[in-house]
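Next up, start_21.tsv (TSV, C-alpha atoms):
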```tsv
chain	number	residue	atom	x	y	z
A	11	MET	CA	-43.26	158.68	354.21
A	12	GLY	CA	-46.23	156.78	352.83
A	13	ASP	CA	-46.99	153.09	352.37
A	14	GLY	CA	-47.52	153.10	348.63
A	15	GLN	CA	-44.60	150.73	348.16
A	16	HIS	CA	-46.35	148.00	350.12
A	17	ARG	CA	-48.39	145.47	348.15
A	18	LEU	CA	-50.79	143.59	350.37
A	19	GLY	CA	-52.17	141.29	347.70
A	20	ARG	CA	-55.24	140.95	345.53
A	21	ARG	CA	-57.52	139.73	348.32
A	22	PHE	CA	-56.76	142.76	350.47
A	23	GLY	CA	-57.25	144.96	347.41
A	24	TRP	CA	-60.80	143.70	347.01
A	25	LEU	CA	-61.46	144.10	350.74
A	26	TRP	CA	-60.12	147.65	350.62
A	27	GLY	CA	-62.25	148.45	347.59
A	28	ALA	CA	-65.33	147.04	349.32
A	29	TYR	CA	-64.63	149.23	352.34
A	30	GLY	CA	-64.26	152.30	350.14
A	31	ALA	CA	-67.57	151.64	348.36
A	32	SER	CA	-69.56	151.26	351.57
A	33	ALA	CA	-67.83	154.24	353.23
A	34	LEU	CA	-68.64	156.48	350.28
A	35	GLY	CA	-72.26	155.33	350.34
A	36	THR	CA	-72.48	156.07	354.07
A	37	TRP	CA	-71.22	159.61	353.62
A	38	LEU	CA	-73.40	160.21	350.56
A	39	ALA	CA	-76.38	159.45	352.80
A	40	PHE	CA	-75.02	161.37	355.80
A	41	GLY	CA	-77.94	163.09	357.51
A	42	ALA	CA	-80.50	161.53	355.16
A	43	PHE	CA	-82.61	159.93	357.90
A	44	PRO	CA	-83.16	163.17	359.87
A	45	LEU	CA	-83.90	165.01	356.62
A	46	ILE	CA	-86.47	162.39	355.61
A	47	ALA	CA	-88.00	162.54	359.09
A	48	VAL	CA	-88.31	166.33	358.95
A	49	ARG	CA	-89.10	167.01	355.29
A	50	VAL	CA	-91.09	163.93	354.34
A	51	LEU	CA	-92.67	162.77	357.59
A	52	HIS	CA	-92.83	166.19	359.32
A	53	SER	CA	-91.37	164.77	362.53
A	54	GLY	CA	-90.56	166.96	365.52
A	55	PRO	CA	-87.25	167.44	367.40
A	56	ALA	CA	-87.98	164.64	369.87
A	57	GLU	CA	-88.54	162.12	367.08
A	58	VAL	CA	-85.39	163.22	365.23
A	59	ALA	CA	-83.35	162.88	368.44
A	60	ALA	CA	-84.84	159.42	369.02
A	61	LEU	CA	-83.88	158.40	365.51
A	62	ALA	CA	-80.24	159.21	366.25
A	63	SER	CA	-79.96	157.87	369.80
A	64	VAL	CA	-82.56	155.12	370.20
A	65	GLY	CA	-81.79	153.52	366.85
A	66	ALA	CA	-78.08	153.25	367.67
A	67	ALA	CA	-78.67	152.09	371.25
A	68	VAL	CA	-81.21	149.40	370.36
A	69	GLY	CA	-79.06	148.30	367.42
A	70	ALA	CA	-76.14	147.89	369.81
A	71	ALA	CA	-78.27	145.79	372.17
A	72	VAL	CA	-79.44	143.60	369.29
A	73	ALA	CA	-75.81	143.07	368.25
A	74	VAL	CA	-74.68	141.76	371.68
A	75	PRO	CA	-75.42	138.06	371.01
A	76	LEU	CA	-73.98	138.31	367.49
A	77	GLY	CA	-70.37	138.63	368.68
A	78	PRO	CA	-70.05	135.03	369.96
A	79	TRP	CA	-72.06	133.81	366.96
A	80	VAL	CA	-69.62	135.49	364.54
A	81	GLU	CA	-66.57	134.22	366.42
A	82	PHE	CA	-67.16	130.58	365.52
A	83	ARG	CA	-68.11	131.05	361.89
A	84	ARG	CA	-66.18	131.83	358.75
A	85	LYS	CA	-65.92	135.61	358.54
A	86	ARG	CA	-66.22	136.14	354.78
A	87	PRO	CA	-69.84	134.86	354.56
A	88	VAL	CA	-70.71	136.92	357.64
A	89	LEU	CA	-69.32	140.06	356.00
A	90	ILE	CA	-71.28	139.42	352.81
A	91	GLY	CA	-74.43	138.68	354.82
A	92	ALA	CA	-74.10	141.88	356.88
A	93	ASP	CA	-73.71	143.92	353.69
A	94	LEU	CA	-76.77	142.30	352.12
A	95	VAL	CA	-78.84	142.85	355.27
A	96	ARG	CA	-77.92	146.54	355.27
A	97	CYS	CA	-78.68	146.79	351.55
A	98	ALA	CA	-82.08	145.12	351.92
A	99	ALA	CA	-83.05	147.17	354.97
A	100	LEU	CA	-82.17	150.46	353.30
A	101	LEU	CA	-83.96	149.53	350.07
A	102	THR	CA	-87.24	149.30	351.97
A	103	ILE	CA	-87.17	153.08	352.45
A	104	PRO	CA	-87.27	154.21	348.78
A	105	VAL	CA	-89.76	151.41	348.06
A	106	ALA	CA	-92.07	152.53	350.88
A	107	TYR	CA	-91.63	156.16	349.83
A	108	ALA	CA	-92.59	155.35	346.24
A	109	LEU	CA	-95.69	153.51	347.49
A	110	GLY	CA	-96.62	156.35	349.85
A	111	VAL	CA	-96.46	154.20	353.00
A	112	LEU	CA	-93.17	155.37	354.56
A	113	SER	CA	-93.49	155.91	358.32
A	114	PHE	CA	-91.31	157.06	361.19
A	115	ALA	CA	-91.54	153.59	362.75
A	116	GLN	CA	-89.99	152.13	359.60
A	117	LEU	CA	-87.14	154.65	359.70
A	118	LEU	CA	-86.48	153.72	363.33
A	119	LEU	CA	-86.59	149.98	362.59
A	120	VAL	CA	-84.21	150.34	359.64
A	121	SER	CA	-81.78	152.37	361.76
A	122	VAL	CA	-81.80	149.56	364.37
A	123	VAL	CA	-81.15	146.86	361.76
A	124	VAL	CA	-78.38	148.85	360.08
A	125	SER	CA	-76.76	149.64	363.44
A	126	ALA	CA	-76.72	145.96	364.46
A	127	ALA	CA	-75.38	144.92	361.05
A	128	ASP	CA	-72.67	147.62	361.27
A	129	ILE	CA	-71.40	146.20	364.57
A	130	THR	CA	-71.50	142.65	363.23
A	131	PHE	CA	-69.59	143.70	360.11
A	132	ARG	CA	-66.89	145.50	362.10
A	133	ALA	CA	-66.38	142.52	364.39
A	134	ALA	CA	-66.10	140.09	361.48
A	135	SER	CA	-63.93	142.40	359.37
A	136	GLY	CA	-61.31	142.79	362.09
A	137	ALA	CA	-61.09	139.03	362.54
A	138	TYR	CA	-60.98	138.51	358.76
A	139	LEU	CA	-58.20	141.09	358.34
A	140	LYS	CA	-56.13	139.51	361.13
A	141	GLY	CA	-56.35	136.15	359.34
A	142	LEU	CA	-55.70	137.68	355.92
A	143	LEU	CA	-52.45	139.54	356.61
A	144	PRO	CA	-49.33	138.93	358.70
A	145	ALA	CA	-49.04	141.01	361.86
A	146	GLU	CA	-46.33	143.27	360.42
A	147	GLU	CA	-48.68	144.43	357.63
A	148	LEU	CA	-51.67	145.28	359.81
A	149	LEU	CA	-50.63	148.89	360.43
A	150	VAL	CA	-50.24	149.50	356.68
A	151	ALA	CA	-53.72	148.05	356.09
A	152	ASN	CA	-55.35	150.02	358.91
A	153	ALA	CA	-53.68	153.23	357.71
A	154	ARG	CA	-55.18	152.63	354.25
A	155	PHE	CA	-58.62	152.11	355.74
A	156	GLU	CA	-58.21	155.29	357.77
A	157	SER	CA	-57.14	157.36	354.76
A	158	THR	CA	-60.08	155.98	352.78
A	159	ALA	CA	-62.46	156.90	355.57
A	160	TRP	CA	-61.26	160.51	355.56
A	161	ALA	CA	-61.24	160.72	351.76
A	162	THR	CA	-64.87	159.63	351.60
A	163	THR	CA	-65.65	162.11	354.39
A	164	ILE	CA	-64.35	164.90	352.15
A	165	VAL	CA	-66.08	163.75	348.98
A	166	GLY	CA	-69.29	162.12	350.21
A	167	PRO	CA	-71.28	164.90	351.96
A	168	PRO	CA	-70.89	167.47	349.13
A	169	LEU	CA	-71.93	164.88	346.54
A	170	GLY	CA	-74.76	163.79	348.80
A	171	GLY	CA	-75.87	167.41	349.14
A	172	VAL	CA	-76.01	167.76	345.34
A	173	LEU	CA	-77.95	164.49	345.08
A	174	ILE	CA	-80.40	165.62	347.76
A	175	GLY	CA	-80.86	168.96	345.99
A	176	LEU	CA	-81.61	167.24	342.69
A	177	LEU	CA	-83.58	164.15	343.77
A	178	GLY	CA	-84.31	164.46	347.50
A	179	PRO	CA	-82.88	162.64	350.55
A	180	VAL	CA	-84.44	159.28	349.65
A	181	ALA	CA	-82.11	159.11	346.63
A	182	THR	CA	-79.05	159.12	348.90
A	183	VAL	CA	-80.48	156.21	350.89
A	184	LEU	CA	-80.81	154.29	347.63
A	185	ALA	CA	-77.17	155.13	346.81
A	186	ASP	CA	-76.13	153.89	350.26
A	187	ALA	CA	-78.00	150.61	349.69
A	188	VAL	CA	-76.23	150.13	346.35
A	189	SER	CA	-72.87	150.78	348.03
A	190	TYR	CA	-73.46	147.84	350.38
A	191	LEU	CA	-74.29	145.63	347.43
A	192	LEU	CA	-71.01	146.68	345.79
A	193	SER	CA	-69.21	145.98	349.05
A	194	ALA	CA	-70.69	142.48	349.21
A	195	LEU	CA	-69.55	141.81	345.64
A	196	GLY	CA	-66.07	143.06	346.46
A	197	ILE	CA	-65.78	140.82	349.52
A	198	ARG	CA	-67.05	137.88	347.51
A	199	ALA	CA	-64.25	138.55	345.00
A	200	THR	CA	-61.62	138.12	347.74
A	201	ASP	CA	-62.22	134.39	347.31
A	202	GLY	CA	-59.64	132.10	348.86
A	203	ARG	CA	-60.14	129.33	351.37
A	204	GLU	CA	-60.98	130.38	354.89
A	205	PRO	CA	-60.56	127.70	357.56
A	206	ARG	CA	-63.54	127.02	359.79
A	207	PRO	CA	-62.87	128.44	363.27
A	208	PRO	CA	-62.79	125.82	366.05
A	209	ARG	CA	-65.89	125.49	368.18
A	210	PRO	CA	-65.74	126.17	371.94
A	211	GLY	CA	-64.04	123.26	373.67
A	212	GLY	CA	-62.95	121.87	370.30
A	213	ARG	CA	-66.30	120.20	369.66
A	214	GLU	CA	-67.73	120.92	366.25
A	215	GLY	CA	-71.36	120.78	367.26
A	216	THR	CA	-71.10	122.76	370.49
A	217	ARG	CA	-72.92	126.03	370.59
A	218	PRO	CA	-71.42	129.08	372.29
A	219	ARG	CA	-72.50	129.14	375.93
A	220	ALA	CA	-74.77	131.88	377.23
A	221	GLY	CA	-71.98	133.32	379.35
A	222	GLY	CA	-69.97	133.77	376.17
A	223	LEU	CA	-72.01	136.89	375.45
A	224	LEU	CA	-69.80	138.71	377.97
A	225	ASP	CA	-66.48	137.19	376.92
A	226	GLY	CA	-65.49	140.22	374.87
A	227	TRP	CA	-65.95	142.57	377.81
A	228	ARG	CA	-64.18	140.16	380.17
A	229	PHE	CA	-61.15	140.07	377.93
A	230	LEU	CA	-61.07	143.85	377.41
A	231	LEU	CA	-61.40	144.63	381.10
A	232	ALA	CA	-58.86	142.00	382.16
A	233	ASP	CA	-56.10	143.07	379.75
A	234	PRO	CA	-53.82	145.66	381.41
A	235	THR	CA	-53.33	147.67	378.20
A	236	LEU	CA	-56.55	147.12	376.28
A	237	ARG	CA	-58.65	148.12	379.29
A	238	PRO	CA	-57.38	151.73	379.53
A	239	LEU	CA	-57.27	152.04	375.73
A	240	PHE	CA	-60.87	150.81	375.53
A	241	LEU	CA	-62.12	153.19	378.24
A	242	ASN	CA	-60.17	156.11	376.79
A	243	THR	CA	-61.49	155.58	373.26
A	244	VAL	CA	-65.10	155.05	374.28
A	245	LEU	CA	-65.16	158.14	376.50
A	246	PHE	CA	-63.27	160.35	374.03
A	247	ASN	CA	-65.40	159.38	371.03
A	248	GLY	CA	-68.62	159.64	373.02
A	249	LEU	CA	-67.87	163.16	374.29
A	250	VAL	CA	-66.71	164.42	370.89
A	251	MET	CA	-69.79	163.04	369.16
A	252	ALA	CA	-72.12	164.32	371.90
A	253	ALA	CA	-70.81	167.85	371.34
A	254	GLN	CA	-71.55	167.90	367.60
A	255	PRO	CA	-75.31	168.58	367.81
A	256	LEU	CA	-74.62	171.43	370.25
A	257	LEU	CA	-72.17	172.98	367.81
A	258	VAL	CA	-74.77	172.70	365.05
A	259	VAL	CA	-77.28	174.57	367.22
A	260	LEU	CA	-74.71	177.23	368.19
A	261	MET	CA	-73.39	177.87	364.68
A	262	LEU	CA	-76.69	177.76	362.78
A	263	GLY	CA	-78.65	179.47	365.56
A	264	PRO	CA	-77.21	182.32	367.68
A	265	LEU	CA	-74.03	182.75	365.61
A	266	GLY	CA	-75.93	182.93	362.32
A	267	PHE	CA	-73.67	180.81	360.12
A	268	ALA	CA	-75.09	179.59	356.82
A	269	PRO	CA	-75.44	175.81	356.33
A	270	TRP	CA	-72.68	175.85	353.68
A	271	GLN	CA	-70.31	177.47	356.19
A	272	TYR	CA	-71.08	174.77	358.73
A	273	GLY	CA	-70.47	172.11	356.08
A	274	LEU	CA	-67.17	173.76	355.11
A	275	ALA	CA	-66.05	173.86	358.74
A	276	PHE	CA	-66.22	170.07	358.92
A	277	ALA	CA	-65.43	168.98	355.35
A	278	ALA	CA	-62.26	171.01	354.82
A	279	PRO	CA	-60.40	169.79	357.95
A	280	SER	CA	-60.92	166.16	356.89
A	281	VAL	CA	-57.83	166.66	354.70
A	282	ALA	CA	-55.88	166.45	357.96
A	283	GLY	CA	-57.21	162.92	358.45
A	284	LEU	CA	-55.61	161.91	355.15
A	285	LEU	CA	-52.31	163.41	356.26
A	286	GLY	CA	-52.50	161.80	359.70
A	287	SER	CA	-53.20	158.34	358.30
A	288	ARG	CA	-50.20	158.72	355.97
A	289	LEU	CA	-48.00	159.75	358.88
A	290	ALA	CA	-49.05	156.91	361.21
A	291	ARG	CA	-46.76	154.23	359.84
A	292	PRO	CA	-43.54	156.29	359.38
A	293	LEU	CA	-44.01	157.82	362.83
A	294	ALA	CA	-44.50	154.38	364.35
A	295	ALA	CA	-41.41	153.10	362.52
A	296	ARG	CA	-39.31	155.97	363.86
A	297	TYR	CA	-40.59	156.39	367.42
A	298	GLY	CA	-42.34	153.08	368.10
A	299	GLN	CA	-46.06	152.37	368.20
A	300	ARG	CA	-46.22	152.83	371.96
A	301	GLN	CA	-44.93	156.41	371.84
A	302	VAL	CA	-47.15	157.35	368.89
A	303	LEU	CA	-50.23	155.83	370.52
A	304	VAL	CA	-49.75	157.70	373.80
A	305	THR	CA	-48.62	161.01	372.27
A	306	ALA	CA	-51.30	161.24	369.56
A	307	GLY	CA	-53.93	160.06	372.06
A	308	ALA	CA	-52.99	162.85	374.45
A	309	LEU	CA	-52.68	165.56	371.77
A	310	ARG	CA	-56.12	164.85	370.30
A	311	ALA	CA	-57.69	165.72	373.68
A	312	ILE	CA	-56.51	169.35	373.75
A	313	TRP	CA	-58.63	170.56	370.83
A	314	PRO	CA	-62.39	170.11	371.55
A	315	VAL	CA	-62.52	172.64	374.41
A	316	GLY	CA	-61.71	175.36	371.87
A	317	LEU	CA	-65.14	174.94	370.28
A	318	ALA	CA	-66.73	176.61	373.32
A	319	PHE	CA	-65.05	179.88	372.25
A	320	THR	CA	-66.54	179.91	368.75
A	321	GLY	CA	-67.74	183.37	367.81
A	322	PRO	CA	-69.60	184.87	364.85
A	323	GLY	CA	-68.15	185.80	361.49
A	324	THR	CA	-64.93	184.81	359.80
A	325	GLY	CA	-62.99	184.56	363.05
A	326	GLY	CA	-65.40	182.00	364.46
A	327	LEU	CA	-65.33	179.96	361.26
A	328	VAL	CA	-61.52	179.97	361.23
A	329	LEU	CA	-61.47	178.87	364.87
A	330	VAL	CA	-63.74	175.89	364.20
A	331	ILE	CA	-61.70	174.87	361.14
A	332	GLY	CA	-58.46	175.17	363.13
A	333	VAL	CA	-59.79	173.10	366.04
A	334	GLU	CA	-61.10	170.43	363.69
A	335	LEU	CA	-57.82	170.36	361.74
A	336	GLY	CA	-55.81	169.68	364.89
A	337	LEU	CA	-58.30	167.17	366.24
A	338	ILE	CA	-58.61	165.22	362.98
A	339	LEU	CA	-54.85	165.19	362.35
A	340	CYS	CA	-54.23	163.59	365.76
A	341	CYS	CA	-57.11	161.15	365.28
A	342	GLY	CA	-55.80	160.21	361.83
A	343	ILE	CA	-52.50	159.21	363.43
A	344	PHE	CA	-53.99	157.58	366.53
A	345	ASN	CA	-56.76	155.48	364.97
A	346	PRO	CA	-54.75	153.09	362.74
A	347	VAL	CA	-52.12	152.56	365.46
A	348	SER	CA	-54.85	151.85	368.01
A	349	ALA	CA	-56.69	149.47	365.66
A	350	THR	CA	-53.45	147.64	364.89
A	351	TYR	CA	-52.52	147.26	368.54
A	352	ARG	CA	-56.01	146.02	369.37
A	353	LEU	CA	-55.77	143.30	366.70
A	354	THR	CA	-52.21	142.37	367.64
A	355	ARG	CA	-53.06	142.10	371.33
A	356	THR	CA	-56.16	139.95	370.80
A	357	ALA	CA	-55.94	136.20	370.24
A	358	PRO	CA	-57.42	135.00	366.90
A	359	ASP	CA	-60.24	133.08	368.64
A	360	ARG	CA	-61.34	136.20	370.56
A	361	VAL	CA	-61.21	138.92	367.91
A	362	ALA	CA	-64.88	138.96	366.86
A	363	ARG	CA	-66.16	138.95	370.45
A	364	THR	CA	-63.69	141.63	371.50
A	365	LEU	CA	-64.44	143.95	368.56
A	366	SER	CA	-68.17	143.37	368.98
A	367	ALA	CA	-67.99	144.33	372.67
A	368	TRP	CA	-65.92	147.39	371.75
A	369	SER	CA	-68.39	148.54	369.07
A	370	VAL	CA	-71.48	147.85	371.19
A	371	THR	CA	-70.07	149.86	374.07
A	372	SER	CA	-69.01	152.69	371.80
A	373	LYS	CA	-72.39	153.00	370.10
A	374	ALA	CA	-74.36	152.72	373.34
A	375	SER	CA	-72.17	155.19	375.24
A	376	THR	CA	-72.27	157.68	372.37
A	377	ALA	CA	-76.06	157.46	372.28
A	378	LEU	CA	-76.25	157.97	376.05
A	379	LEU	CA	-73.79	160.88	376.12
A	380	THR	CA	-75.52	162.53	373.16
A	381	ALA	CA	-78.84	162.38	375.02
A	382	VAL	CA	-77.25	163.71	378.25
A	383	TRP	CA	-75.51	166.57	376.48
A	384	GLY	CA	-78.68	167.41	374.61
A	385	LEU	CA	-80.35	167.86	378.00
A	386	LEU	CA	-77.40	169.88	379.31
A	387	GLY	CA	-77.55	172.05	376.22
A	388	SER	CA	-81.22	172.75	376.90
A	389	LEU	CA	-80.55	173.60	380.56
A	390	LEU	CA	-77.25	175.49	380.31
A	391	GLY	CA	-77.15	176.58	376.68
A	392	PRO	CA	-74.97	175.13	373.92
A	393	ARG	CA	-71.78	177.05	374.73
A	394	PRO	CA	-71.45	176.00	378.41
A	395	ALA	CA	-72.34	172.42	377.49
A	396	LEU	CA	-69.65	172.46	374.78
A	397	GLY	CA	-67.16	173.78	377.31
A	398	LEU	CA	-68.03	171.06	379.82
A	399	ALA	CA	-67.58	168.35	377.19
A	400	GLY	CA	-64.23	169.86	376.20
A	401	LEU	CA	-63.01	169.95	379.81
A	402	LEU	CA	-63.91	166.30	380.30
A	403	VAL	CA	-62.12	165.40	377.06
A	404	LEU	CA	-59.00	167.07	378.50
A	405	ALA	CA	-59.03	164.44	381.24
A	406	THR	CA	-59.24	161.42	378.89
A	407	PRO	CA	-55.42	161.06	378.45
A	408	LEU	CA	-55.35	159.89	382.08
A	409	LEU	CA	-56.96	156.68	380.79
A	410	LEU	CA	-54.32	156.02	378.13
A	411	PRO	CA	-52.13	152.92	378.63
A	412	ARG	CA	-48.93	153.55	380.51
A	413	GLY	CA	-45.58	151.69	380.35
A	414	GLY	CA	-45.02	148.17	381.53
A	415	SER	CA	-44.58	144.80	379.92
A	416	ALA	CA	-47.99	144.98	378.23
A	417	PHE	CA	-46.41	147.27	375.64
A	418	ARG	CA	-43.60	144.94	374.62
A	419	CYS	CA	-45.35	143.90	371.40
A	420	LEU	CA	-45.54	147.58	370.39
A	421	ARG	CA	-41.82	148.12	370.58
A	422	GLU	CA	-39.62	148.00	367.53
```
Kindly present the structure from the file in structure tokens form.
Amino acid sequence: MGDGQHRLGRRFGWLWGAYGASALGTWLAFGAFPLIAVRVLHSGPAEVAALASVGAAVGAAVAVPLGPWVEFRRKRPVLIGADLVRCAALLTIPVAYALGVLSFAQLLLVSVVVSAADITFRAASGAYLKGLLPAEELLVANARFESTAWATTIVGPPLGGVLIGLLGPVATVLADAVSYLLSALGIRATDGREPRPPRPGGREGTRPRAGGLLDGWRFLLADPTLRPLFLNTVLFNGLVMAAQPLLVVLMLGPLGFAPWQYGLAFAAPSVAGLLGSRLARPLAARYGQRQVLVTAGALRAIWPVGLAFTGPGTGGLVLVIGVELGLILCCGIFNPVSATYRLTRTAPDRVARTLSAWSVTSKASTALLTAVWGLLGSLLGPRPALGLAGLLVLATPLLLPRGGSAFRCLRE
């Protein structure tokens, strides 16, 4: 059932280890910025909301010109550079805190830099992975990344909570910074010669044209299968993420759940992500990637509307855990298949621009939808706003790719 028998080589092993280190650091520091804003800087709700939405949106805008820049450079140095930028930016926070000069403006600036570096790293890592492994091994690799992501989701927040309790939220930011340094060292250890990508038009000294900033979006919107997959994923992820703050308000406010119960409701179901990522490859081998992509993509949409019916007590907690289990299981299957198809469908000289456009749109749309649903939650209350988000998620399977020749490369 699993992929343990597959050996993808030493270079992938280092890349995988680097990913695991940075993912663990990210989850150790999960929620650290809002906590620092509230507990250290005594910021209000508007500032905390701005930290989450504005930082991501501005970071996405900053990352727009980086996609074409990454495309025509060796990806390994870009990955190392993005890790070091994130490490350096995050280190400024504990330093400023120790000196007594930490400010909200610095937190916001660091969130922008980290957001832009995240997008750049994802764009370069996809292109690097496509050049590192043959096409038939990409699903195995993406399933391993997915399982690692869910494993660190299970382990990271509880450990981060202990670290915050002992040393405060700034300590988790320091741990996150160190994780990016470890990631950079891991990527450096991949070694190996990486050919220099050809410049536009085949001329070594030519710079990417200004219009190239939009090339990623042009390719995504022109491709008959990537376009619906892109729109489906961006809308689904944005609506699911926009609903999370409303669920926090509902559970910790009117329903009276303790913080540990809220944490349990989201940590425990992450086990389903591990199972889903392990199932992705055998399911694809048996039924074909096309069928798995469409079926898992449709099934993941049926769960979020259930959160609107969350009640108090044990029953409400069980409902949230059940909804999250189903949702995460389907996402754990869908995500590696989707990532593999996206890489397979995209030409090697377009990968960085395409992934950059995808990430920029995802971050910006999530920030926008989070702000909109925050307003709806204030006007309608958290439960009706959760229900509206869930109903819209139910419609997202209509955007999934459908039959046709575009799916030939997904067939067995």
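Counting all atoms listed in the file, the residue from A:Leu18, A:Val74, A:Val259, A:Leu117 that sits nearest to Leu142 of chain A is A:Leu18.
Straight-line separation from atom CA of Gln271 of chain A to atom CA of Val328 of chain A: 10.4 Å.
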Ala137 of chain A surroundings by only C-alpha atoms, 7 Å radius, close-in-sequence under 6 positions cut, as a VMD selection string: chain A and resid 358 361 to 362
For segment 24-77 of chain A versus segment 372-390 of chain A, which residues have an atom no more than 7 Å away, and what is each residue's nearest atom pair and distance in Å rounded to one decimal, using only C-alpha atoms, chain-then-number order, as CSV?
```
residue,atom,partner,partner_atom,distance
A:Ser63,CA,A:Ala377,CA,4.6
A:Ala66,CA,A:Lys373,CA,6.2
A:Ala67,CA,A:Ala374,CA,4.8
A:Ala70,CA,A:Ala374,CA,6.2
```
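You can rank A:Gly77, A:Gly391, A:Gly286, A:Gly397 by their closest distance to Trp313 of chain A using only C-alpha atoms, and at the top of that list sits A:Gly397.
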Take the point (-46.7, 154.4, 357.6) in the file's coordinates, draw a sphere of radius 8 Å around it, and report as a list in words every protein, DNA or RNA residue with an atom inside or on it, counting all atoms listed in the file. Met11, Gly12, Asp13, Leu149, Val150, Ala153, Ser287, Arg288, Leu289, Ala290, Arg291, Pro292, Leu293, Ala294 and Ala295 of chain A
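The spacing separating atom CA of Leu329 of chain A from atom CA of Ala311 of chain A amounts to 16.3 Å.
The residue that comes closest to Ala98 of chain A, out of A:Ala133, A:Leu191, A:Ser53, A:Ser113 and on the basis of all atoms listed in the file, is A:Leu191.
Between Val48 of chain A and the residues A:Pro179, A:Pro346, A:Val64, A:Leu101, the shortest atom-to-atom distance, using all atoms listed in the file, involves A:Pro179.
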